[in-house]
Amino acid sequence: MKKSKSIFFAFAILVLLSLLMLYQNFNSSVTAERNKGLFKLNRSSFSSFKDFSLTETNDDKTKFQINAKNAEIKNRKLGFLRIAFQKVAEMEGVRISFHENNTEITSIVSDYSTLFLGTNNILFTGNVKCSTNKGNTLETKKLFWDSKRKIFKAEDAYTYTDKNGYLRTGKGFESDKRLEIIKIGT
């Protein structure tokens with residue numbers, strides 16, 4: 001079970017890159033569904049898309065879904081000297097939902113997000129709003145998904161409301177994907 005969750009984002013990244021590499025039209029619409037498939041990538045190609053949608057499934061169960069108004073694969077310069085690069089998928093007008101047993105448990109909407117293809121981590125920026133099927137909500141300006149630890153992390157100010165309406169504000173937290181706060185003031 002843990003192994004399938006750990007490859008959860010790896011497959012999504014492969015599918016995202018594969019689809020973006022296959023279609024070189026800058027004004028295309030892309031809709032994809034992956035079900036237990038591996039894809040080879042053309043790492044020298046870069047693409048931009050409008051109305052991008054990606055659904056990750058396993059055993060006919062939806063694991064997550066990404067929808068973006070615009071998506072672009074590019075190299076981002078790293079480090080002090082800016083001589084190293086990392087491939088990223090930059091998306092605009094983003095909605096990502098996590099699922100369990102074909103039920104959406106958490107959705108994240110943000111103005112922008114960056115998917116780091118080497119680590120499968122995601123940085124959500126600009127008007128980030130999260131909600132769960134249990135009624136928990138979170139608002140912040142920047143939210144980071146750590147795919148290895150399977151947690152959300154924010155260092156900026158946030159507003160969190162639990163399913164009972166209890167309002168919590170602060171700066172910095174860590175949470176699981178169900179938005180049940182694990183650690184406050186990180």
# chains A, B, ... in the order shown; residues from 1 in each chain; ligands from 1
>>> residues_around(residues="range 87-100 of chain A", least_positions_apart="6", cutoff="6 Å", atoms="only C-alpha atoms", output="PyMOL selection string")
chain A and resi 63-75+106-117
>>> residues_around(residues="Asn164 in chain A", least_positions_apart="3", cutoff="10 Å", atoms="only C-alpha atoms", output="list in words")
Lys134, Gly135, Asn136, Thr161 and Leu167 of chain A
>>> write_last_selection(atoms="C-alpha atoms", output="CSV table (one decimal), in the first residue's frame")
chain,number,residue,atom,x,y,z
A,134,LYS,CA,-15.3,16.6,6.1
A,135,GLY,CA,-15.6,20.4,6.0
A,136,ASN,CA,-12.1,21.5,7.0
A,161,THR,CA,-11.4,26.3,10.0
A,167,LEU,CA,-11.3,29.2,13.4
>>> select_by_dssp(residues="range 30-179 of chain A", states="strand (DSSP E)", output="ChimeraX atom specification")
/A:30-35,48-58,61-78,84-100,103-116,121-132,137-146,151-161,167-175
>>> atom_distance(atom1="CA of Leu143 in chain A", atom2="CA of Ser131 in chain A")
13.2 Å
>>> decode(residues="range 51-98 of chain A", atoms="N, CA and C atoms", output="PDB file, in the first residue's frame")
ATOM      1  N   ASP A  51      -6.174  24.477 -20.914  1.00  0.00           N
ATOM      2  CA  ASP A  51      -7.209  23.525 -20.492  1.00  0.00           C
ATOM      3  C   ASP A  51      -6.634  22.126 -20.298  1.00  0.00           C
ATOM      4  N   PHE A  52      -5.667  22.028 -19.421  1.00  0.00           N
ATOM      5  CA  PHE A  52      -4.999  20.761 -19.146  1.00  0.00           C
ATOM      6  C   PHE A  52      -5.743  19.998 -18.048  1.00  0.00           C
ATOM      7  N   SER A  53      -5.907  18.690 -18.235  1.00  0.00           N
ATOM      8  CA  SER A  53      -6.546  17.836 -17.243  1.00  0.00           C
ATOM      9  C   SER A  53      -5.815  16.503 -17.194  1.00  0.00           C
ATOM     10  N   LEU A  54      -5.554  16.029 -15.982  1.00  0.00           N
ATOM     11  CA  LEU A  54      -4.878  14.751 -15.794  1.00  0.00           C
ATOM     12  C   LEU A  54      -5.537  14.019 -14.637  1.00  0.00           C
ATOM     13  N   THR A  55      -5.894  12.752 -14.850  1.00  0.00           N
ATOM     14  CA  THR A  55      -6.489  11.933 -13.808  1.00  0.00           C
ATOM     15  C   THR A  55      -5.612  10.711 -13.590  1.00  0.00           C
ATOM     16  N   GLU A  56      -5.227  10.468 -12.350  1.00  0.00           N
ATOM     17  CA  GLU A  56      -4.435   9.298 -11.975  1.00  0.00           C
ATOM     18  C   GLU A  56      -5.374   8.243 -11.405  1.00  0.00           C
ATOM     19  N   THR A  57      -5.357   7.045 -11.993  1.00  0.00           N
ATOM     20  CA  THR A  57      -6.180   5.952 -11.489  1.00  0.00           C
ATOM     21  C   THR A  57      -5.308   4.733 -11.229  1.00  0.00           C
ATOM     22  N   ASN A  58      -5.802   3.890 -10.345  1.00  0.00           N
ATOM     23  CA  ASN A  58      -5.146   2.623 -10.051  1.00  0.00           C
ATOM     24  C   ASN A  58      -6.250   1.641  -9.672  1.00  0.00           C
ATOM     25  N   ASP A  59      -6.309   0.519 -10.360  1.00  0.00           N
ATOM     26  CA  ASP A  59      -7.378  -0.461 -10.127  1.00  0.00           C
ATOM     27  C   ASP A  59      -8.754   0.187 -10.235  1.00  0.00           C
ATOM     28  N   ASP A  60      -8.937   1.011 -11.265  1.00  0.00           N
ATOM     29  CA  ASP A  60     -10.194   1.709 -11.538  1.00  0.00           C
ATOM     30  C   ASP A  60     -10.637   2.645 -10.413  1.00  0.00           C
ATOM     31  N   LYS A  61      -9.702   3.047  -9.562  1.00  0.00           N
ATOM     32  CA  LYS A  61     -10.003   4.011  -8.511  1.00  0.00           C
ATOM     33  C   LYS A  61      -9.192   5.273  -8.747  1.00  0.00           C
ATOM     34  N   THR A  62      -9.863   6.415  -8.714  1.00  0.00           N
ATOM     35  CA  THR A  62      -9.186   7.691  -8.901  1.00  0.00           C
ATOM     36  C   THR A  62      -8.340   7.996  -7.679  1.00  0.00           C
ATOM     37  N   LYS A  63      -7.068   8.351  -7.924  1.00  0.00           N
ATOM     38  CA  LYS A  63      -6.148   8.726  -6.848  1.00  0.00           C
ATOM     39  C   LYS A  63      -6.050  10.239  -6.720  1.00  0.00           C
ATOM     40  N   PHE A  64      -5.925  10.928  -7.858  1.00  0.00           N
ATOM     41  CA  PHE A  64      -5.910  12.385  -7.851  1.00  0.00           C
ATOM     42  C   PHE A  64      -6.276  12.893  -9.230  1.00  0.00           C
ATOM     43  N   GLN A  65      -6.592  14.182  -9.272  1.00  0.00           N
ATOM     44  CA  GLN A  65      -6.937  14.824 -10.537  1.00  0.00           C
ATOM     45  C   GLN A  65      -6.358  16.224 -10.535  1.00  0.00           C
ATOM     46  N   ILE A  66      -5.744  16.598 -11.666  1.00  0.00           N
ATOM     47  CA  ILE A  66      -5.189  17.938 -11.849  1.00  0.00           C
ATOM     48  C   ILE A  66      -5.926  18.605 -13.001  1.00  0.00           C
ATOM     49  N   ASN A  67      -6.364  19.830 -12.783  1.00  0.00           N
ATOM     50  CA  ASN A  67      -6.941  20.650 -13.840  1.00  0.00           C
ATOM     51  C   ASN A  67      -6.250  22.005 -13.791  1.00  0.00           C
ATOM     52  N   ALA A  68      -5.837  22.506 -14.947  1.00  0.00           N
ATOM     53  CA  ALA A  68      -5.179  23.810 -15.009  1.00  0.00           C
ATOM     54  C   ALA A  68      -5.594  24.530 -16.279  1.00  0.00           C
ATOM     55  N   LYS A  69      -5.741  25.852 -16.166  1.00  0.00           N
ATOM     56  CA  LYS A  69      -6.045  26.654 -17.351  1.00  0.00           C
ATOM     57  C   LYS A  69      -4.863  26.637 -18.313  1.00  0.00           C
ATOM     58  N   ASN A  70      -3.649  26.715 -17.765  1.00  0.00           N
ATOM     59  CA  ASN A  70      -2.422  26.677 -18.570  1.00  0.00           C
ATOM     60  C   ASN A  70      -1.394  25.812 -17.862  1.00  0.00           C
ATOM     61  N   ALA A  71      -0.614  25.072 -18.648  1.00  0.00           N
ATOM     62  CA  ALA A  71       0.477  24.262 -18.096  1.00  0.00           C
ATOM     63  C   ALA A  71       1.671  24.370 -19.034  1.00  0.00           C
ATOM     64  N   GLU A  72       2.874  24.432 -18.439  1.00  0.00           N
ATOM     65  CA  GLU A  72       4.093  24.559 -19.234  1.00  0.00           C
ATOM     66  C   GLU A  72       5.227  23.785 -18.557  1.00  0.00           C
ATOM     67  N   ILE A  73       5.950  23.005 -19.349  1.00  0.00           N
ATOM     68  CA  ILE A  73       7.124  22.282 -18.864  1.00  0.00           C
ATOM     69  C   ILE A  73       8.348  23.108 -19.238  1.00  0.00           C
ATOM     70  N   LYS A  74       9.244  23.310 -18.250  1.00  0.00           N
ATOM     71  CA  LYS A  74      10.450  24.090 -18.540  1.00  0.00           C
ATOM     72  C   LYS A  74      11.560  23.715 -17.576  1.00  0.00           C
ATOM     73  N   ASN A  75      12.773  24.168 -17.881  1.00  0.00           N
ATOM     74  CA  ASN A  75      13.914  24.031 -16.983  1.00  0.00           C
ATOM     75  C   ASN A  75      13.971  25.265 -16.102  1.00  0.00           C
ATOM     76  N   ARG A  76      14.193  25.068 -14.808  1.00  0.00           N
ATOM     77  CA  ARG A  76      14.354  26.174 -13.876  1.00  0.00           C
ATOM     78  C   ARG A  76      15.790  26.153 -13.366  1.00  0.00           C
ATOM     79  N   LYS A  77      16.431  27.314 -13.386  1.00  0.00           N
ATOM     80  CA  LYS A  77      17.806  27.420 -12.889  1.00  0.00           C
ATOM     81  C   LYS A  77      17.815  27.296 -11.375  1.00  0.00           C
ATOM     82  N   LEU A  78      18.801  26.559 -10.873  1.00  0.00           N
ATOM     83  CA  LEU A  78      18.927  26.322  -9.436  1.00  0.00           C
ATOM     84  C   LEU A  78      20.277  26.799  -8.926  1.00  0.00           C
ATOM     85  N   GLY A  79      20.343  27.041  -7.645  1.00  0.00           N
ATOM     86  CA  GLY A  79      21.608  27.315  -6.986  1.00  0.00           C
ATOM     87  C   GLY A  79      22.120  28.732  -7.172  1.00  0.00           C
ATOM     88  N   PHE A  80      23.166  29.024  -6.437  1.00  0.00           N
ATOM     89  CA  PHE A  80      23.763  30.349  -6.411  1.00  0.00           C
ATOM     90  C   PHE A  80      24.303  30.759  -7.786  1.00  0.00           C
ATOM     91  N   LEU A  81      24.987  29.865  -8.462  1.00  0.00           N
ATOM     92  CA  LEU A  81      25.587  30.194  -9.753  1.00  0.00           C
ATOM     93  C   LEU A  81      24.621  30.027 -10.922  1.00  0.00           C
ATOM     94  N   ARG A  82      23.449  29.439 -10.643  1.00  0.00           N
ATOM     95  CA  ARG A  82      22.426  29.245 -11.674  1.00  0.00           C
ATOM     96  C   ARG A  82      22.944  28.431 -12.862  1.00  0.00           C
ATOM     97  N   ILE A  83      23.756  27.420 -12.580  1.00  0.00           N
ATOM     98  CA  ILE A  83      24.270  26.579 -13.662  1.00  0.00           C
ATOM     99  C   ILE A  83      23.593  25.212 -13.696  1.00  0.00           C
ATOM    100  N   ALA A  84      22.884  24.856 -12.636  1.00  0.00           N
ATOM    101  CA  ALA A  84      22.143  23.596 -12.607  1.00  0.00           C
ATOM    102  C   ALA A  84      20.679  23.881 -12.939  1.00  0.00           C
ATOM    103  N   PHE A  85      20.020  22.885 -13.512  1.00  0.00           N
ATOM    104  CA  PHE A  85      18.631  23.043 -13.908  1.00  0.00           C
ATOM    105  C   PHE A  85      17.790  21.913 -13.328  1.00  0.00           C
ATOM    106  N   GLN A  86      16.500  22.201 -13.114  1.00  0.00           N
ATOM    107  CA  GLN A  86      15.542  21.192 -12.717  1.00  0.00           C
ATOM    108  C   GLN A  86      14.305  21.372 -13.580  1.00  0.00           C
ATOM    109  N   LYS A  87      13.760  20.267 -14.082  1.00  0.00           N
ATOM    110  CA  LYS A  87      12.532  20.347 -14.860  1.00  0.00           C
ATOM    111  C   LYS A  87      11.359  20.587 -13.926  1.00  0.00           C
ATOM    112  N   VAL A  88      10.496  21.515 -14.331  1.00  0.00           N
ATOM    113  CA  VAL A  88       9.303  21.830 -13.570  1.00  0.00           C
ATOM    114  C   VAL A  88       8.112  21.919 -14.512  1.00  0.00           C
ATOM    115  N   ALA A  89       6.945  21.681 -13.967  1.00  0.00           N
ATOM    116  CA  ALA A  89       5.690  21.928 -14.675  1.00  0.00           C
ATOM    117  C   ALA A  89       5.040  23.099 -13.968  1.00  0.00           C
ATOM    118  N   GLU A  90       4.959  24.226 -14.650  1.00  0.00           N
ATOM    119  CA  GLU A  90       4.330  25.412 -14.073  1.00  0.00           C
ATOM    120  C   GLU A  90       2.910  25.493 -14.603  1.00  0.00           C
ATOM    121  N   MET A  91       1.960  25.665 -13.679  1.00  0.00           N
ATOM    122  CA  MET A  91       0.551  25.677 -14.052  1.00  0.00           C
ATOM    123  C   MET A  91      -0.117  26.933 -13.509  1.00  0.00           C
ATOM    124  N   GLU A  92      -1.133  27.380 -14.223  1.00  0.00           N
ATOM    125  CA  GLU A  92      -1.891  28.571 -13.845  1.00  0.00           C
ATOM    126  C   GLU A  92      -3.363  28.197 -13.760  1.00  0.00           C
ATOM    127  N   GLY A  93      -4.080  28.775 -12.793  1.00  0.00           N
ATOM    128  CA  GLY A  93      -5.501  28.462 -12.629  1.00  0.00           C
ATOM    129  C   GLY A  93      -5.692  26.999 -12.290  1.00  0.00           C
ATOM    130  N   VAL A  94      -5.135  26.582 -11.161  1.00  0.00           N
ATOM    131  CA  VAL A  94      -4.990  25.171 -10.833  1.00  0.00           C
ATOM    132  C   VAL A  94      -6.043  24.692  -9.841  1.00  0.00           C
ATOM    133  N   ARG A  95      -6.523  23.482 -10.069  1.00  0.00           N
ATOM    134  CA  ARG A  95      -7.339  22.748  -9.092  1.00  0.00           C
ATOM    135  C   ARG A  95      -6.814  21.323  -9.063  1.00  0.00           C
ATOM    136  N   ILE A  96      -6.375  20.895  -7.880  1.00  0.00           N
ATOM    137  CA  ILE A  96      -5.890  19.532  -7.700  1.00  0.00           C
ATOM    138  C   ILE A  96      -6.717  18.890  -6.604  1.00  0.00           C
ATOM    139  N   SER A  97      -7.168  17.663  -6.846  1.00  0.00           N
ATOM    140  CA  SER A  97      -7.943  16.950  -5.824  1.00  0.00           C
ATOM    141  C   SER A  97      -7.306  15.597  -5.538  1.00  0.00           C
ATOM    142  N   PHE A  98      -7.279  15.253  -4.253  1.00  0.00           N
ATOM    143  CA  PHE A  98      -6.803  13.951  -3.795  1.00  0.00           C
ATOM    144  C   PHE A  98      -8.030  13.084  -3.508  1.00  0.00           C
TER     145      PHE A  98
END
